[in-house]
Amino acid sequence: MKPEILLAHLGSFRPTWSEELRRRVAAATDHFVRAEPLGIDLAPFYAPERQQYHATLLLAELLRHLPASGGRIVGITAEDLFIPVLTFVFGQAQLGGPAAVVSVMRLHTEFYGLPTDERLLVDRAVKEVVHELGHGFGLVHCPDRSCVMSSSTYVEDVDLKSERFCTECSSLLVAGSATTPHT
Amino acid sequence: MSHRKPRIMIVDDERSVRESLREWFLEDGFEVVTAEDGLDALKKLDSDPFDLLVVDLKMPRMDGISLQRRLRETHPDLTIIILTAFASVETAVEALKLGAFDYVTKPVDPDELSHTVRRALERKQLTDENARLRDKVTQLATAAPIVGSSRGMERVMELVGTVAETDASVVIRGESGTGKELIARAIHGASPRRFFPIVAVNCGAIPETLLESELFGHEKGAFTGAHYRRKGKLELANGGTLFLDEIGEIPAKMQVDLLRVLESHRFNRLGGAQEIESDFRLVCATNRDLEALVKEGRFREDLYYRIHVFSIEIPPLRERREDIPLLVEHFVEKLSRSMGKPSKQLSEESEELLQAYDWPGNVRELENAIERAMVIGTTDSIRPQDLPLQVEQEGGTPRDRSLESLESEHIARVLREESGNVSQAARVLGIDRGTLYNKIKKYGIRSG
């Protein structure tokens, strides 16, 4: 049996579409997925000069809350994330590692001055969570623009891709060529 | 063929920046190495090749500008992207003047970073491809075509066509001057590796002490006089063909080393700890009887079987005399173009002379004879007296029968047969090299 994936809701993040996200991530990754709030204090990860949260430090914290029996964890937050050299990131994962973190802040249409579109937000969140899990499985960016592992630096890139792994990435996962989790 | 991940080095004194960028580029499928300042970067560049350097400007010990100045001398082809804080944009402009590809300001927009890196790698790929194509064009421009319509040469060209498509090792056999290197280049030129280099090494012309460094390359300080790191021919042939001429002359120790490389395609430069991989196809040539050398224990049997997957025998010119008129026509045209002289016709007597001669130096000797005739001939035809063969009468008996004349002729012939290799010629003649040099000087023989 495959180890479970925990979708950990961080801070005040409590979406009404949590169950749909869980179900679709489970379908895309073929893993058992559990979703629940994780009561960790986000304040230590806040960088006031940037008004953002440090994704790498948050990732290190999530490693302390891994599910039992070698499972994986994906923290999901409504806050904006950064890594020191970049202005922002949608999410971050350790390549071949068991933890990842995703921010939905820049996935909202409102962030770009557009009307609310919850359907699009859920689609984007599913893709970003599956994408970061893919890195956790050891997959790197895929040149196939429709593959969930294709690189997204703009939200439009996220909209272009599907929430599924392409045939080649799927075969890497099946063959176990992608790496297993390590801490 | 060589399809490796692009290698990037991140040079920044801030650990968090190094680690963030490392993770970012790993997700893009790059091989990533980090260095904490310019000195650390130089050390790492000394042992490994990189496609791209992402360099912070402000660092302790050696900053980005100083690093760039050093790299301009040691690694002029390296592509560099500068990372800078907003306050040091002026310095970034200086870096651009020193040849950096571009600069990005920290913190950088993810899309801008991806875009800049992609453009830099694309430019590097195009620059590398351009250099390869220039080499290829030079090779094509300087390569002589293979001339001959005899059954023997048709068979050789059939075999070239058959073997070129494969990646099998080939041994080309034939007497000196039959055009073994031309056949090796024809195999490479018709193979899928043709857009990568063919690298030729004459194992018989390089002293044993230098051959090792010539093939394997060396690190800086590997031996006295190794002031710089130098890539060997094995490394330079990556993706293409390695042509080892006079393979029968390769010393015993090198036979062991070469066998090891052929088994794994991995090796170390002299004095180097880093294992290097090179994907090349091997073509060898020899005028020696390799099987006899194996029996005598002078050539390793395992190496013989490793290189001898396919064999092509080039017939000597005396066994394909029908090709002589075509070859003469080709050389006359080629030489008249390069010398800027009008073309010449072969007189009937000269043609008879050329047909009667034995050609121990094969096509190379014929080319030399035509070159001499083109230089000294004063009429629009090549006459017997213009040819160096005119000293010999019908049946090959020299007119001047003095002992010195015979000795001079014999030495010149052996030197031709041994492609000007004095050591080898001395062995064949049964005299030491010093004596041979004295005789070459005495008779005014051209040994090259």
# chains A, B, ... in the order shown; residues from 1 in each chain; ligands from 1
call {"tool": "interface_residues", "arguments": {"of": "chain B", "to": "chain A", "cutoff": "8 Å", "atoms": "only C-alpha atoms", "output": "list of chain:residue names"}}
result
B:Ser16, B:Val17, B:Ser20, B:Leu21, B:Glu23, B:Leu26, B:Glu27, B:Asp28, B:Gly29, B:Lys106, B:Pro107, B:Val108, B:Asp109, B:Pro110, B:Asp111
call {"tool": "residues_around", "arguments": {"residues": "segment 185-192 of chain B", "least_positions_apart": "5", "cutoff": "7 Å", "atoms": "only C-alpha atoms", "output": "PyMOL selection string"}}
result
chain B and resi 160+164-165+198+241
call {"tool": "write_last_selection", "arguments": {"atoms": "C-alpha atoms", "output": "tab-separated table (two decimals), in the first residue's frame"}}
result
chain	number	residue	atom	x	y	z
B	160	VAL	CA	32.92	2.36	-46.01
B	164	ALA	CA	29.69	4.10	-41.53
B	165	GLU	CA	26.10	3.60	-40.37
B	198	ILE	CA	36.99	13.54	-36.00
B	241	THR	CA	35.31	9.74	-34.07
call {"tool": "residues_around", "arguments": {"residues": "Ser264 of chain B", "least_positions_apart": "3", "cutoff": "10 Å", "atoms": "only C-alpha atoms", "output": "list in words"}}
result
Leu259, Arg260, Val261, Phe267, Glu277, Ser278 and Asp279 of chain B
call {"tool": "write_last_selection", "arguments": {"atoms": "N, CA and C atoms", "output": "short mmCIF file (atom, residue, chain, number, x, y, z; two decimals), in the first residue's frame"}}
result
data_model
loop_
_atom_site.label_atom_id
_atom_site.label_comp_id
_atom_site.auth_asym_id
_atom_site.auth_seq_id
_atom_site.Cartn_x
_atom_site.Cartn_y
_atom_site.Cartn_z
N LEU B 259 42.87 -0.02 -23.76
CA LEU B 259 41.87 -1.09 -23.64
C LEU B 259 40.85 -0.73 -22.56
N ARG B 260 41.37 -0.21 -21.43
CA ARG B 260 40.49 0.15 -20.32
C ARG B 260 39.50 1.24 -20.76
N VAL B 261 39.98 2.21 -21.50
CA VAL B 261 39.11 3.29 -21.96
C VAL B 261 38.06 2.75 -22.94
N PHE B 267 37.83 7.78 -18.28
CA PHE B 267 39.27 7.87 -18.01
C PHE B 267 39.52 9.10 -17.14
N GLU B 277 33.94 11.18 -18.97
CA GLU B 277 33.29 10.25 -19.88
C GLU B 277 33.37 10.82 -21.29
N SER B 278 33.67 10.00 -22.25
CA SER B 278 33.73 10.48 -23.63
C SER B 278 33.12 9.42 -24.53
N ASP B 279 32.18 9.86 -25.35
CA ASP B 279 31.47 8.94 -26.24
C ASP B 279 32.03 9.11 -27.65
#
call {"tool": "residues_around", "arguments": {"residues": "segment 73-77 of chain A", "least_positions_apart": "6", "cutoff": "9 Å", "atoms": "only C-alpha atoms", "output": "VMD selection string"}}
result
chain A and resid 4 to 13 38 58 to 59 62 to 63 65 to 67 91 93 98 to 105 129 132 to 133
call {"tool": "select_by_dssp", "arguments": {"residues": "segment 23-146 of chain A", "states": "strand (DSSP E or B)", "output": "number ranges by chain"}}
result
A: 33-38, 46-47, 52-54, 72-77, 81-82, 86, 89, 91-93, 99-103
call {"tool": "select_by_dssp", "arguments": {"residues": "segment 4-182 of chain A", "states": "alpha helix (DSSP H)", "output": "PyMOL selection string"}}
result
chain A and resi 18-29+55-62+118-136+155-160+167-175
call {"tool": "residues_around", "arguments": {"residues": "Gln424 of chain B", "least_positions_apart": "5", "cutoff": "12 Å", "atoms": "only C-alpha atoms", "output": "PyMOL selection string"}}
result
chain B and resi 203-207+246+248-249+288+411+414-419+429-433+436
call {"tool": "write_last_selection", "arguments": {"atoms": "C-alpha atoms", "output": "compact mmCIF listing (two decimals), in the first residue's frame"}}
result
# COMPACT_ATOMS: atom_id res chain seq x y z
CA CYS B 203 50.61 6.97 -32.58
CA GLY B 204 53.86 6.33 -34.43
CA ALA B 205 54.88 9.98 -34.76
CA ILE B 206 54.53 10.99 -31.11
CA PRO B 207 57.17 9.95 -28.54
CA GLU B 246 49.72 3.57 -36.83
CA GLY B 248 50.59 -1.07 -34.31
CA GLU B 249 53.20 1.34 -32.90
CA ARG B 288 51.75 -3.48 -39.93
CA ILE B 411 66.81 5.52 -47.44
CA VAL B 414 62.07 3.55 -46.56
CA LEU B 415 61.37 6.99 -45.11
CA ARG B 416 58.46 7.38 -47.51
CA GLU B 417 57.13 3.95 -46.59
CA GLU B 418 57.34 4.82 -42.90
CA SER B 419 55.60 8.20 -43.43
CA LEU B 429 67.20 -0.09 -42.09
CA GLY B 430 68.94 -1.73 -39.14
CA ILE B 431 70.91 1.38 -38.14
CA ASP B 432 70.57 3.76 -35.19
CA ARG B 433 68.71 7.08 -35.47
CA LEU B 436 70.19 7.81 -40.17
call {"tool": "residues_around", "arguments": {"residues": "Asp159 of chain A", "least_positions_apart": "3", "cutoff": "10 Å", "atoms": "only C-alpha atoms", "output": "number ranges by chain"}}
result
A: 107, 120-121, 123-124, 127, 146, 152, 154-156, 162-163
call {"tool": "write_last_selection", "arguments": {"atoms": "N, CA and C atoms", "output": "CSV table (one decimal), in the first residue's frame"}}
result
chain,number,residue,atom,x,y,z
A,107,LEU,N,-3.0,32.5,-6.8
A,107,LEU,CA,-3.8,31.6,-7.7
A,107,LEU,C,-5.3,32.2,-7.8
A,120,LEU,N,-11.9,28.2,-11.2
A,120,LEU,CA,-10.5,28.4,-11.7
A,120,LEU,C,-9.5,28.2,-10.5
A,121,LEU,N,-9.8,28.8,-9.4
A,121,LEU,CA,-8.9,28.8,-8.2
A,121,LEU,C,-8.7,27.3,-7.8
A,123,ASP,N,-9.0,24.6,-9.7
A,123,ASP,CA,-8.2,24.0,-10.7
A,123,ASP,C,-6.8,24.3,-10.5
A,124,ARG,N,-6.5,25.6,-10.3
A,124,ARG,CA,-5.1,26.0,-10.1
A,124,ARG,C,-4.4,25.3,-8.9
A,127,LYS,N,-3.5,21.7,-9.5
A,127,LYS,CA,-2.3,21.6,-10.3
A,127,LYS,C,-1.1,21.9,-9.6
A,146,SER,N,1.3,20.5,-21.6
A,146,SER,CA,0.1,20.0,-21.0
A,146,SER,C,0.3,19.2,-19.7
A,152,SER,N,5.8,26.5,-14.2
A,152,SER,CA,4.9,27.7,-14.3
A,152,SER,C,5.5,28.8,-13.5
A,154,TYR,N,4.3,32.0,-14.4
A,154,TYR,CA,3.1,32.9,-14.4
A,154,TYR,C,1.9,32.1,-14.1
A,155,VAL,N,0.8,32.7,-13.6
A,155,VAL,CA,-0.4,31.9,-13.4
A,155,VAL,C,-1.0,31.4,-14.7
A,156,GLU,N,-0.8,32.1,-15.8
A,156,GLU,CA,-1.3,31.7,-17.1
A,156,GLU,C,-0.7,30.3,-17.5
A,162,SER,N,-2.5,20.6,-17.6
A,162,SER,CA,-3.6,19.8,-17.0
A,162,SER,C,-3.2,19.4,-15.6
A,163,GLU,N,-4.0,18.7,-14.9
A,163,GLU,CA,-3.6,18.3,-13.5
A,163,GLU,C,-3.0,16.9,-13.5
call {"tool": "atom_distance", "arguments": {"atom1": "atom CA of Ile183 of chain B", "atom2": "atom CA of Asp302 of chain B"}}
result
24.8 Å
call {"tool": "residues_around", "arguments": {"residues": "Asp289 of chain B", "least_positions_apart": "2", "cutoff": "12 Å", "atoms": "only C-alpha atoms", "output": "ChimeraX atom specification"}}
result
/B:171-175,246-249,285-287,291-296,298-299,304,313
call {"tool": "write_last_selection", "arguments": {"atoms": "C-alpha atoms", "output": "tab-separated table (two decimals), in the first residue's frame"}}
result
chain	number	residue	atom	x	y	z
B	171	VAL	CA	40.78	-1.18	-38.58
B	172	ILE	CA	41.95	0.22	-41.93
B	173	ARG	CA	44.91	-1.66	-43.36
B	174	GLY	CA	47.15	-0.71	-46.21
B	175	GLU	CA	50.68	0.20	-47.12
B	246	GLU	CA	49.72	3.57	-36.83
B	247	ILE	CA	47.97	1.70	-34.01
B	248	GLY	CA	50.59	-1.07	-34.31
B	249	GLU	CA	53.20	1.34	-32.90
B	285	ALA	CA	44.84	2.34	-39.20
B	286	THR	CA	48.02	0.36	-39.61
B	287	ASN	CA	50.52	-0.74	-42.24
B	291	GLU	CA	48.12	-10.65	-36.29
B	292	ALA	CA	51.89	-11.21	-36.46
B	293	LEU	CA	52.42	-8.56	-33.76
B	294	VAL	CA	49.89	-10.40	-31.56
B	295	LYS	CA	51.71	-13.71	-32.13
B	296	GLU	CA	55.03	-12.07	-31.27
B	298	ARG	CA	54.01	-7.09	-29.17
B	299	PHE	CA	50.32	-6.26	-29.46
B	304	TYR	CA	43.28	-6.58	-31.02
B	313	GLU	CA	42.02	-3.32	-46.72
call {"tool": "closest_atom_pairs", "arguments": {"of": "segment 266-331 of chain B", "to": "segment 356-378 of chain B", "cutoff": "7 Å", "atoms": "only C-alpha atoms", "output": "Markdown table"}}
result
| residue | atom | partner | partner_atom | distance |
| --- | --- | --- | --- | --- |
| B:Pro316 | CA | B:Asn362 | CA | 6.1 |
| B:Leu317 | CA | B:Asn362 | CA | 5.2 |
| B:Arg318 | CA | B:Asp358 | CA | 5.6 |
| B:Phe331 | CA | B:Glu367 | CA | 6.3 |
call {"tool": "write_last_selection", "arguments": {"atoms": "C-alpha atoms", "output": "PDB file, in the first residue's frame"}}
result
ATOM      1  CA  PRO B 316      48.381  -0.706 -53.029  1.00  0.00           C
ATOM      2  CA  LEU B 317      48.586   1.490 -56.126  1.00  0.00           C
ATOM      3  CA  ARG B 318      50.511  -1.164 -58.091  1.00  0.00           C
ATOM      4  CA  PHE B 331      46.403  16.009 -58.579  1.00  0.00           C
TER       5      PHE B 331
END
